[in-house]
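Participant: Have a peek at model.csv (CSV, C-alpha atoms).
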chain,number,residue,atom,x,y,z
Y,9,MET,CA,0.0,0.0,0.0
Y,10,HIS,CA,2.7,2.5,1.0
Y,11,SER,CA,5.3,1.3,-1.4
Y,12,PHE,CA,7.8,3.6,-3.2
Y,13,GLY,CA,5.9,3.3,-6.4
Y,14,TYR,CA,2.6,4.2,-4.8
Y,15,ARG,CA,4.0,7.3,-3.2
Y,16,ALA,CA,5.9,8.4,-6.3
Y,17,ASN,CA,2.6,8.1,-8.3
Y,18,ALA,CA,0.7,10.1,-5.7
Y,19,VAL,CA,3.3,12.9,-5.7
Y,20,LEU,CA,3.5,13.0,-9.5
Y,21,THR,CA,-0.3,13.1,-9.9
Y,22,PHE,CA,-0.6,15.9,-7.4
Y,23,ALA,CA,2.2,17.9,-9.0
Y,24,VAL,CA,0.7,17.6,-12.5
Y,25,THR,CA,-2.8,18.5,-11.1
Y,26,ILE,CA,-1.4,21.7,-9.4
Y,27,LEU,CA,0.6,22.6,-12.6
Y,28,ALA,CA,-2.5,22.3,-14.7
Y,29,LEU,CA,-4.6,24.3,-12.3
Y,30,MET,CA,-1.9,27.1,-12.2
Y,31,CYS,CA,-1.9,27.1,-16.0
Y,32,ALA,CA,-5.7,27.4,-16.1
Y,33,ILE,CA,-5.6,30.3,-13.5
Y,34,ALA,CA,-2.9,32.1,-15.4
Y,35,SER,CA,-4.9,31.9,-18.6
Y,36,PHE,CA,-8.1,33.0,-16.8
Y,37,SER,CA,-6.4,36.0,-15.3
Y,38,ASP,CA,-6.0,37.5,-18.8
Y,39,ASN,CA,-9.8,38.2,-18.8
Y,40,PHE,CA,-9.2,41.0,-16.3
Y,41,ASN,CA,-7.1,43.0,-18.8
Y,42,ASN,CA,-9.0,45.7,-20.7
Y,43,PRO,CA,-6.6,46.8,-23.4
Y,44,THR,CA,-6.8,50.2,-25.2
Y,45,PRO,CA,-4.6,49.8,-28.2
Y,46,VAL,CA,-4.2,52.5,-30.9
Y,47,ALA,CA,-3.0,52.3,-34.4
Y,48,GLN,CA,-2.6,54.6,-37.4
Y,49,VAL,CA,-1.6,53.9,-40.9
Y,50,GLN,CA,-0.8,56.2,-43.8
Y,51,VAL,CA,-0.4,55.1,-47.4
Y,52,LEU,CA,2.6,57.3,-48.4
Y,53,ASN,CA,3.0,56.3,-52.0
Y,54,ILE,CA,1.7,53.9,-54.6
Y,55,ASN,CA,5.0,52.6,-55.9
Y,56,TRP,CA,3.5,50.9,-58.9
Y,57,PHE,CA,0.2,49.5,-60.0
Y,58,GLN,CA,-0.3,47.2,-62.9
Y,59,LYS,CA,-2.1,44.3,-64.5
Y,60,GLN,CA,-0.1,41.0,-64.5
Y,61,PRO,CA,0.1,39.2,-67.9
Y,62,HIS,CA,-2.5,36.6,-66.7
Y,63,GLY,CA,-4.9,39.3,-65.7
Y,64,ASN,CA,-4.7,39.9,-62.0
Y,65,ASP,CA,-4.1,43.4,-60.7
Y,66,GLU,CA,-1.1,43.9,-58.5
Y,67,VAL,CA,-0.1,47.0,-56.5
Y,68,SER,CA,2.9,47.9,-54.5
Y,69,MET,CA,2.7,50.7,-51.8
Y,70,THR,CA,4.7,52.3,-49.2
Y,71,LEU,CA,3.1,52.4,-45.7
Y,72,ASN,CA,3.7,54.3,-42.5
Y,73,ILE,CA,2.4,52.3,-39.6
Y,74,SER,CA,2.4,53.5,-36.0
Y,75,ALA,CA,0.8,51.7,-33.1
Y,76,ASP,CA,0.8,51.5,-29.4
Y,77,LEU,CA,-0.1,48.0,-28.3
Y,78,GLN,CA,1.5,48.1,-24.8
Y,79,SER,CA,-1.8,47.6,-23.1
Y,80,LEU,CA,-2.2,44.2,-24.6
Y,81,PHE,CA,0.6,42.7,-22.6
Y,82,THR,CA,-0.1,40.9,-19.3
Y,83,TRP,CA,2.1,38.6,-17.2
Y,84,ASN,CA,0.8,35.7,-19.2
Y,85,THR,CA,1.7,37.1,-22.6
Y,86,LYS,CA,4.5,35.5,-24.5
Y,87,GLN,CA,4.2,37.6,-27.6
Y,88,VAL,CA,1.8,39.5,-29.8
Y,89,PHE,CA,1.6,38.8,-33.4
Y,90,VAL,CA,0.5,41.9,-35.3
Y,91,PHE,CA,-0.4,42.3,-38.9
Y,92,LEU,CA,-1.9,44.8,-41.3
Y,93,ALA,CA,-4.4,43.5,-43.8
Y,94,ALA,CA,-6.1,45.1,-46.8
Y,95,GLU,CA,-9.7,44.1,-46.8
Y,96,TYR,CA,-12.1,44.8,-49.7
Y,97,GLU,CA,-15.1,43.3,-51.6
Y,98,THR,CA,-15.2,42.5,-55.3
Y,99,PRO,CA,-18.0,41.2,-57.5
Y,100,LYS,CA,-16.4,37.7,-57.4
Y,101,ASN,CA,-15.4,37.6,-53.7
Y,102,SER,CA,-17.4,38.7,-50.8
Y,103,LEU,CA,-14.2,39.2,-48.8
Y,104,ASN,CA,-10.6,39.6,-49.7
Y,105,GLN,CA,-8.1,39.8,-46.9
Y,106,ILE,CA,-4.5,40.3,-47.9
Y,107,SER,CA,-1.8,40.6,-45.3
Y,108,LEU,CA,0.5,43.5,-46.3
Y,109,TRP,CA,2.9,43.5,-43.3
Y,110,ASP,CA,3.3,41.5,-40.1
Y,111,GLY,CA,5.6,41.5,-37.1
Y,112,ILE,CA,6.2,39.7,-33.9
Y,113,ILE,CA,6.3,41.8,-30.7
Y,114,PRO,CA,8.2,39.9,-28.1
Y,115,SER,CA,7.9,42.3,-25.2
Y,116,LYS,CA,5.9,45.3,-23.8
Y,117,GLU,CA,8.8,47.7,-24.3
Y,118,LEU,CA,8.7,47.1,-28.1
Y,119,ALA,CA,5.0,47.3,-28.4
Y,120,LYS,CA,5.0,51.1,-29.2
Y,121,PHE,CA,6.5,51.4,-32.6
Y,122,TRP,CA,6.4,53.1,-35.9
Y,123,ILE,CA,7.6,51.6,-39.2
Y,124,HIS,CA,8.1,52.9,-42.7
Y,125,THR,CA,7.8,50.0,-45.1
Y,126,SER,CA,6.6,48.8,-48.5
Y,127,ASN,CA,4.2,45.9,-48.5
Y,128,LYS,CA,6.0,42.7,-47.3
Y,129,TYR,CA,3.6,40.3,-49.1
Y,130,ARG,CA,2.3,40.9,-52.6
Y,131,PHE,CA,-1.0,42.7,-52.9
Y,132,ILE,CA,-2.6,40.7,-55.8
Y,133,ASP,CA,-6.3,40.7,-56.5
Y,134,GLN,CA,-8.1,37.6,-57.9
Y,135,GLY,CA,-9.1,39.3,-61.1
Y,136,SER,CA,-8.8,42.9,-62.2
Y,137,ASN,CA,-10.9,44.9,-59.7
Y,138,LEU,CA,-8.3,47.2,-58.0
Y,139,ARG,CA,-8.6,50.4,-60.1
Y,140,GLY,CA,-10.3,53.0,-58.0
Y,141,LYS,CA,-11.0,50.3,-55.3
Y,142,GLU,CA,-11.9,51.4,-51.8
Y,143,PHE,CA,-10.4,49.2,-49.2
Y,144,ASN,CA,-10.0,49.0,-45.4
Y,145,LEU,CA,-6.7,48.7,-43.7
Y,146,THR,CA,-7.2,46.5,-40.6
Y,147,MET,CA,-4.7,46.2,-37.9
Y,148,HIS,CA,-5.1,42.6,-36.4
Y,149,TRP,CA,-3.3,41.2,-33.4
Y,150,HIS,CA,-3.1,37.7,-32.0
Y,151,ILE,CA,-2.0,37.4,-28.4
Y,152,MET,CA,0.0,34.3,-27.7
Y,153,PRO,CA,-0.1,33.4,-24.1
Y,154,LYS,CA,2.7,31.7,-22.1
Y,155,THR,CA,0.0,29.1,-21.5
Y,156,GLY,CA,-3.8,28.8,-22.2
Y,157,LYS,CA,-6.2,30.5,-24.5
Y,158,MET,CA,-5.1,32.6,-27.4
Y,159,SER,CA,-7.1,35.7,-28.2
Y,160,ALA,CA,-7.3,38.1,-31.1
Y,161,ASP,CA,-8.8,41.5,-31.9
Y,162,LYS,CA,-8.5,44.2,-34.5
Y,163,ILE,CA,-8.8,47.9,-35.4
Y,164,VAL,CA,-10.5,48.6,-38.7
Y,165,MET,CA,-9.4,51.8,-40.5
Y,166,PRO,CA,-11.7,52.5,-43.5
Y,167,GLY,CA,-11.5,55.0,-46.3
Y,168,TYR,CA,-8.4,54.1,-48.3
Y,169,ARG,CA,-8.7,54.2,-52.1
Y,170,LEU,CA,-6.4,52.9,-54.9
Y,171,PRO,CA,-5.8,55.1,-58.0
Y,172,GLU,CA,-8.1,55.0,-61.0
Y,173,GLU,CA,-5.2,54.3,-63.4
Y,174,TYR,CA,-2.3,51.9,-63.6
Y,175,ARG,CA,1.1,53.4,-63.1
D,2,MET,CA,15.9,-6.9,-8.8
D,3,GLY,CA,13.7,-6.8,-5.7
D,4,LEU,CA,10.9,-5.0,-7.5
D,5,ILE,CA,10.8,-7.4,-10.5
D,6,GLY,CA,11.1,-10.5,-8.2
D,7,GLU,CA,8.2,-9.2,-6.2
D,8,SER,CA,6.1,-8.6,-9.3
D,9,VAL,CA,6.7,-12.1,-10.7
D,10,GLY,CA,5.9,-13.5,-7.2
D,11,SER,CA,2.7,-11.5,-7.1
D,12,ILE,CA,1.7,-12.7,-10.6
D,13,LYS,CA,2.2,-16.3,-9.5
D,14,SER,CA,0.2,-15.9,-6.3
D,15,LEU,CA,-2.8,-14.4,-8.1
D,16,GLN,CA,-6.1,-16.3,-8.0
D,17,ILE,CA,-8.1,-16.6,-11.3
D,18,ARG,CA,-10.8,-14.2,-10.0
D,19,GLN,CA,-8.2,-11.6,-9.2
D,20,VAL,CA,-6.6,-12.0,-12.7
D,21,LEU,CA,-10.0,-11.3,-14.2
D,22,THR,CA,-10.6,-8.3,-12.1
D,23,GLN,CA,-7.3,-6.8,-13.0
D,24,GLY,CA,-7.8,-7.6,-16.7
D,25,LEU,CA,-11.1,-5.7,-16.4
D,26,SER,CA,-9.5,-2.7,-14.8
D,27,LEU,CA,-6.8,-2.6,-17.5
D,28,GLY,CA,-9.6,-2.6,-20.0
D,29,MET,CA,-11.4,0.2,-18.2
D,30,ILE,CA,-8.3,2.4,-18.3
D,31,VAL,CA,-7.9,1.8,-22.1
D,32,THR,CA,-11.6,2.4,-22.9
D,33,SER,CA,-11.9,5.5,-20.7
D,34,ALA,CA,-8.9,7.0,-22.5
D,35,LEU,CA,-10.7,6.2,-25.8
D,36,ILE,CA,-13.9,7.7,-24.5
D,37,ILE,CA,-12.2,10.9,-23.5
D,38,TRP,CA,-10.5,11.2,-26.9
D,39,LYS,CA,-13.7,10.5,-28.8
D,40,ALA,CA,-15.7,13.0,-26.6
D,41,LEU,CA,-13.1,15.7,-27.3
D,42,MET,CA,-13.5,14.9,-31.0
D,43,CYS,CA,-17.3,15.5,-30.7
D,44,ILE,CA,-16.9,18.7,-28.6
D,45,THR,CA,-14.3,20.3,-30.7
D,46,GLY,CA,-15.5,19.0,-34.1
D,47,SER,CA,-12.0,18.4,-35.2
D,48,GLU,CA,-10.7,14.9,-36.1
D,49,SER,CA,-7.7,15.4,-33.9
D,50,PRO,CA,-8.5,17.8,-31.1
D,51,VAL,CA,-4.9,18.0,-29.8
D,52,VAL,CA,-1.8,18.2,-31.9
D,53,VAL,CA,1.9,18.3,-31.1
D,54,VAL,CA,4.1,20.9,-32.8
D,55,LEU,CA,6.8,19.1,-34.7
D,56,SER,CA,8.8,21.9,-36.4
D,57,GLY,CA,10.1,25.3,-35.5
D,58,SER,CA,8.4,27.1,-38.3
D,59,MET,CA,6.1,29.0,-35.9
D,60,GLU,CA,8.8,30.0,-33.5
D,61,PRO,CA,8.9,31.9,-31.2
D,62,GLY,CA,5.2,31.4,-30.8
D,63,PHE,CA,5.1,27.7,-30.8
D,64,LYS,CA,8.2,25.6,-30.2
D,65,ARG,CA,8.8,22.0,-31.0
D,66,GLY,CA,7.1,19.9,-28.4
D,67,ASP,CA,4.3,22.3,-27.5
D,68,ILE,CA,0.7,21.1,-27.5
D,69,LEU,CA,-2.1,22.9,-29.4
D,70,PHE,CA,-5.8,22.5,-28.8
D,71,LEU,CA,-7.8,22.6,-32.0
D,72,HIS,CA,-11.3,23.7,-32.6
D,73,MET,CA,-13.3,23.3,-35.8
D,74,SER,CA,-16.4,25.4,-35.9
D,75,LYS,CA,-18.5,26.5,-38.8
D,76,ASP,CA,-17.2,30.1,-38.5
D,77,PRO,CA,-15.5,31.3,-41.6
D,78,ILE,CA,-11.7,31.2,-41.5
D,79,ARG,CA,-10.0,34.6,-41.5
D,80,ALA,CA,-6.6,36.0,-42.0
D,81,GLY,CA,-4.3,35.7,-38.9
D,82,GLU,CA,-5.8,32.6,-37.6
D,83,ILE,CA,-3.5,29.7,-37.0
D,84,VAL,CA,-4.8,26.6,-38.7
D,85,VAL,CA,-3.8,23.0,-39.0
D,86,PHE,CA,-4.0,21.7,-42.5
D,87,ASN,CA,-3.3,18.6,-44.5
D,88,VAL,CA,-1.8,18.8,-47.9
D,89,ASP,CA,-2.5,16.1,-50.5
D,90,GLY,CA,0.5,13.8,-50.7
D,91,ARG,CA,1.8,14.7,-47.2
D,92,GLU,CA,1.1,12.6,-44.2
D,93,ILE,CA,2.0,15.0,-41.4
D,94,PRO,CA,-0.4,18.0,-40.9
D,95,ILE,CA,1.2,21.5,-40.8
D,96,VAL,CA,0.4,24.3,-38.3
D,97,HIS,CA,0.7,27.7,-39.9
D,98,ARG,CA,-0.9,31.1,-40.0
D,99,VAL,CA,-3.4,32.3,-42.7
D,100,ILE,CA,-2.1,35.4,-44.4
D,101,LYS,CA,-4.5,35.7,-47.4
D,102,VAL,CA,-8.2,35.0,-47.6
D,103,HIS,CA,-10.5,35.1,-50.7
D,104,GLU,CA,-14.1,34.2,-50.0
D,105,ARG,CA,-16.5,33.6,-53.0
D,106,GLN,CA,-19.5,35.8,-53.3
D,107,ASP,CA,-21.8,33.0,-54.6
D,108,THR,CA,-20.7,29.8,-53.0
D,109,GLY,CA,-19.0,31.1,-49.9
D,110,GLU,CA,-16.0,28.9,-50.5
D,111,VAL,CA,-12.7,30.2,-49.3
D,112,GLU,CA,-9.2,30.2,-50.8
D,113,LEU,CA,-6.4,30.5,-48.2
D,114,LEU,CA,-2.7,31.1,-48.3
D,115,THR,CA,-0.7,30.3,-45.2
D,116,LYS,CA,2.8,31.0,-43.9
D,117,GLY,CA,4.9,30.0,-40.9
D,118,ASP,CA,5.8,33.0,-38.7
D,119,ASN,CA,9.4,31.9,-38.7
D,120,ASN,CA,9.6,31.1,-42.4
D,121,PHE,CA,10.8,33.5,-45.0
D,122,GLY,CA,8.3,32.8,-47.7
D,123,ASP,CA,4.7,31.7,-47.9
D,124,ASP,CA,3.6,28.0,-48.1
D,125,ARG,CA,3.1,27.6,-51.8
D,126,LEU,CA,6.3,25.5,-51.9
D,127,LEU,CA,4.8,23.1,-49.3
D,128,TYR,CA,1.5,22.6,-51.1
D,129,ALA,CA,0.9,19.9,-53.7
D,130,HIS,CA,2.5,20.6,-57.1
D,131,GLY,CA,0.6,23.4,-58.8
D,132,GLN,CA,-1.6,24.1,-55.9
D,133,LEU,CA,-2.0,27.8,-55.2
D,134,TRP,CA,-4.6,27.9,-52.5
D,135,LEU,CA,-5.9,25.9,-49.6
D,136,GLN,CA,-9.6,25.1,-49.5
D,137,ARG,CA,-11.8,24.4,-46.6
D,138,HIS,CA,-11.5,20.6,-46.8
D,139,HIS,CA,-7.7,20.8,-46.3
D,140,ILE,CA,-8.2,22.4,-42.9
D,141,MET,CA,-8.3,20.1,-39.8
D,142,GLY,CA,-8.9,22.8,-37.3
D,143,ARG,CA,-7.8,26.1,-35.9
D,144,ALA,CA,-5.6,26.5,-32.9
D,145,VAL,CA,-7.4,28.0,-29.9
D,146,GLY,CA,-5.2,27.0,-26.9
D,147,PHE,CA,-1.7,26.3,-26.1
D,148,LEU,CA,0.3,24.2,-23.5
D,149,PRO,CA,4.1,24.4,-23.6
D,150,TYR,CA,6.4,21.3,-23.5
D,151,ALA,CA,3.7,18.8,-22.9
D,152,GLY,CA,4.1,17.2,-26.3
D,153,TRP,CA,7.7,16.1,-25.8
D,154,VAL,CA,6.6,12.7,-24.5
D,155,THR,CA,4.9,12.0,-27.8
D,156,ILE,CA,7.9,13.2,-29.8
D,157,ILE,CA,10.3,11.0,-27.9
D,158,MET,CA,8.0,8.0,-28.2
D,159,THR,CA,7.5,8.5,-31.9
D,160,GLU,CA,11.2,9.0,-32.6
D,161,LYS,CA,12.6,6.4,-30.2
D,162,PRO,CA,10.0,3.6,-30.2
D,163,ILE,CA,11.9,1.6,-27.6
D,164,PHE,CA,10.7,4.1,-24.9
D,165,LYS,CA,7.2,3.5,-26.0
D,166,TYR,CA,7.5,-0.3,-25.4
D,167,ILE,CA,9.3,0.2,-22.1
D,168,LEU,CA,6.6,2.6,-20.9
D,169,ILE,CA,3.7,0.4,-22.1
D,170,GLY,CA,5.4,-2.7,-20.5
D,171,VAL,CA,6.0,-1.0,-17.2
D,172,LEU,CA,2.5,0.5,-17.0
D,173,GLY,CA,1.0,-2.8,-17.9
D,174,LEU,CA,3.0,-4.6,-15.3
D,175,LEU,CA,2.0,-2.0,-12.7
D,176,VAL,CA,-1.7,-2.4,-13.5
D,177,ILE,CA,-1.5,-6.2,-13.5
D,178,THR,CA,0.4,-6.5,-10.2
D,179,SER,CA,-1.2,-3.7,-8.3
D,180,LYS,CA,-3.0,-5.0,-5.2
D,181,ASP,CA,-5.6,-2.4,-4.5
Go ahead and express the file in the form of structure tokens.
Facilitator:
Amino acid sequence: MHSFGYRANAVLTFAVTILALMCAIASFSDNFNNPTPVAQVQVLNINWFQKQPHGNDEVSMTLNISADLQSLFTWNTKQVFVFLAAEYETPKNSLNQISLWDGIIPSKELAKFWIHTSNKYRFIDQGSNLRGKEFNLTMHWHIMPKTGKMSADKIVMPGYRLPEEYR
Amino acid sequence: MGLIGESVGSIKSLQIRQVLTQGLSLGMIVTSALIIWKALMCITGSESPVVVVLSGSMEPGFKRGDILFLHMSKDPIRAGEIVVFNVDGREIPIVHRVIKVHERQDTGEVELLTKGDNNFGDDRLLYAHGQLWLQRHHIMGRAVGFLPYAGWVTIIMTEKPIFKYILIGVLGLLVITSKD
């Protein structure tokens, strides 16, 4: 009954239970954080805008992104993955989401940033619908916890428009 | 040697009724594990509710050996979500992030492009030859929760099968010879 194996088993079971409970509590504590992030994006320049040989529109732009995501960080936050997506509707597609830039923020100190960049991923439409297209730029973030539930949210910035002509 | 000798002795001293009881309790353990797994499949709607991260392509978010909990709901898949997908011709599912979404106006079907956070380029090189987009039926689930390190046991057991047999043997012996 009180053999070595029995006691080792009891200690191990208890340790694992406590560990699981602590993980659950840490994850639950994230619910008490009410973040107030801010983000601003400017399209500084349309570098080029053309129709590919097989008919899809492609655009390259220069962006100025500034954001303060410090309030997203809690003690259970391992990192925040942030990305900026262009979102628009076309006759063919009810939703197009195209990631233009993304980054990994490993700590709170680095969560207030501004960056001047051209789009990291290609902005290609499925078809030729981009001339004069209105689109939203949406700042999305995904919070990766040290343990537990992942969460995500976004800021939608409407009112951007592509030029009427290729250039 | 004492432990093994004791075990062998206790096997010998067992009565037939006791053997049956212990066989039954072993069966109970195996079936309850199966029940839990199948119940998780029902709740999460994913054919494998828990996956172990096998590569470093999502570092520093997910490291090798971390466990992900999957959920498969009817909600549409959106950019930024971390999905687990199967590519035709590849056995091992991949855990990567969606970076582009195109959803059809008429049918509601989606076309997705994924990328590992730690990879330089997108996943078109990983897809089947000539495949440009992932469809809904490739997706096994989206990652909703995360438990670090817990998957190392699985990785070790898959890569060094000897540990698996030792573990199963020892556990089986413990169950058979336990007296309470």
Participant: When you get a sec, could you note down which chain D residues fall within 6 Å of chain Y, using only C-alpha atoms, as JSON, numbers by chain?
Facilitator: {"D": [100, 101, 102, 103, 104, 105, 106, 145, 146, 147, 148]}
Participant: Y:Leu138, Y:Leu170, Y:Ala75, Y:Leu118: which is nearest Y:Thr44, counting only C-alpha atoms?
Facilitator: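 Ranked by minimum distance to Y:Thr44, first place goes to Y:Ala75.
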Participant: Go through D:Gly142, D:Pro162, D:Gly117, D:Gly170 and flag the residue nearest D:Asp76, using all atoms listed in the file for the distances.
Facilitator: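 Closest to D:Asp76 of all the choices is D:Gly142.
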Participant: So what do you get for atom CA of Y:Trp56 versus atom CA of D:Asp123, distance-wise?
Facilitator: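 These two atoms are separated by 22.2 Å.
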Participant: Point out the residue among Y:Pro166, Y:Ser74, Y:Asn41, Y:Gly135 with the least atom-to-atom distance to Y:Gln60, counting only C-alpha atoms.
Facilitator: Y:Gly135
Participant: For atom CA of D:Gln16 and atom CA of D:Met29, determine how far apart the two atoms are, in Å to one decimal place.
Facilitator: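 Spanning atom CA of D:Gln16 to atom CA of D:Met29 is a straight-line distance of 20.1 Å.
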Participant: Between atom CA of D:Arg91 and atom CA of Y:Arg130, what is the distance, to one decimal in Å?
Facilitator: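 Between these atoms lies a distance of 26.8 Å.
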Participant: With all atoms listed in the file as the counted atoms, please give the residues lying no more than 10 Å from D:Val53, apart from itself and same-chain residues fewer than 3 positions off, as a PyMOL selection string.
Facilitator: chain D and resi 56+63-70+96+148-156
Participant: My list of candidates is Y:Tyr174, Y:Trp83, Y:Phe12, Y:Phe57. Which is closest to Y:Ala34 when distances are computed with only C-alpha atoms?
Facilitator: Y:Trp83
Participant: Just want the 7 Å neighbourhood of D:Asn87, counted on all atoms listed in the file, with same-chain residues fewer than 3 positions away dropped. Output as a list in words.
Facilitator: Arg91, Pro94, Ile95, His139 and Ile140 of chain D
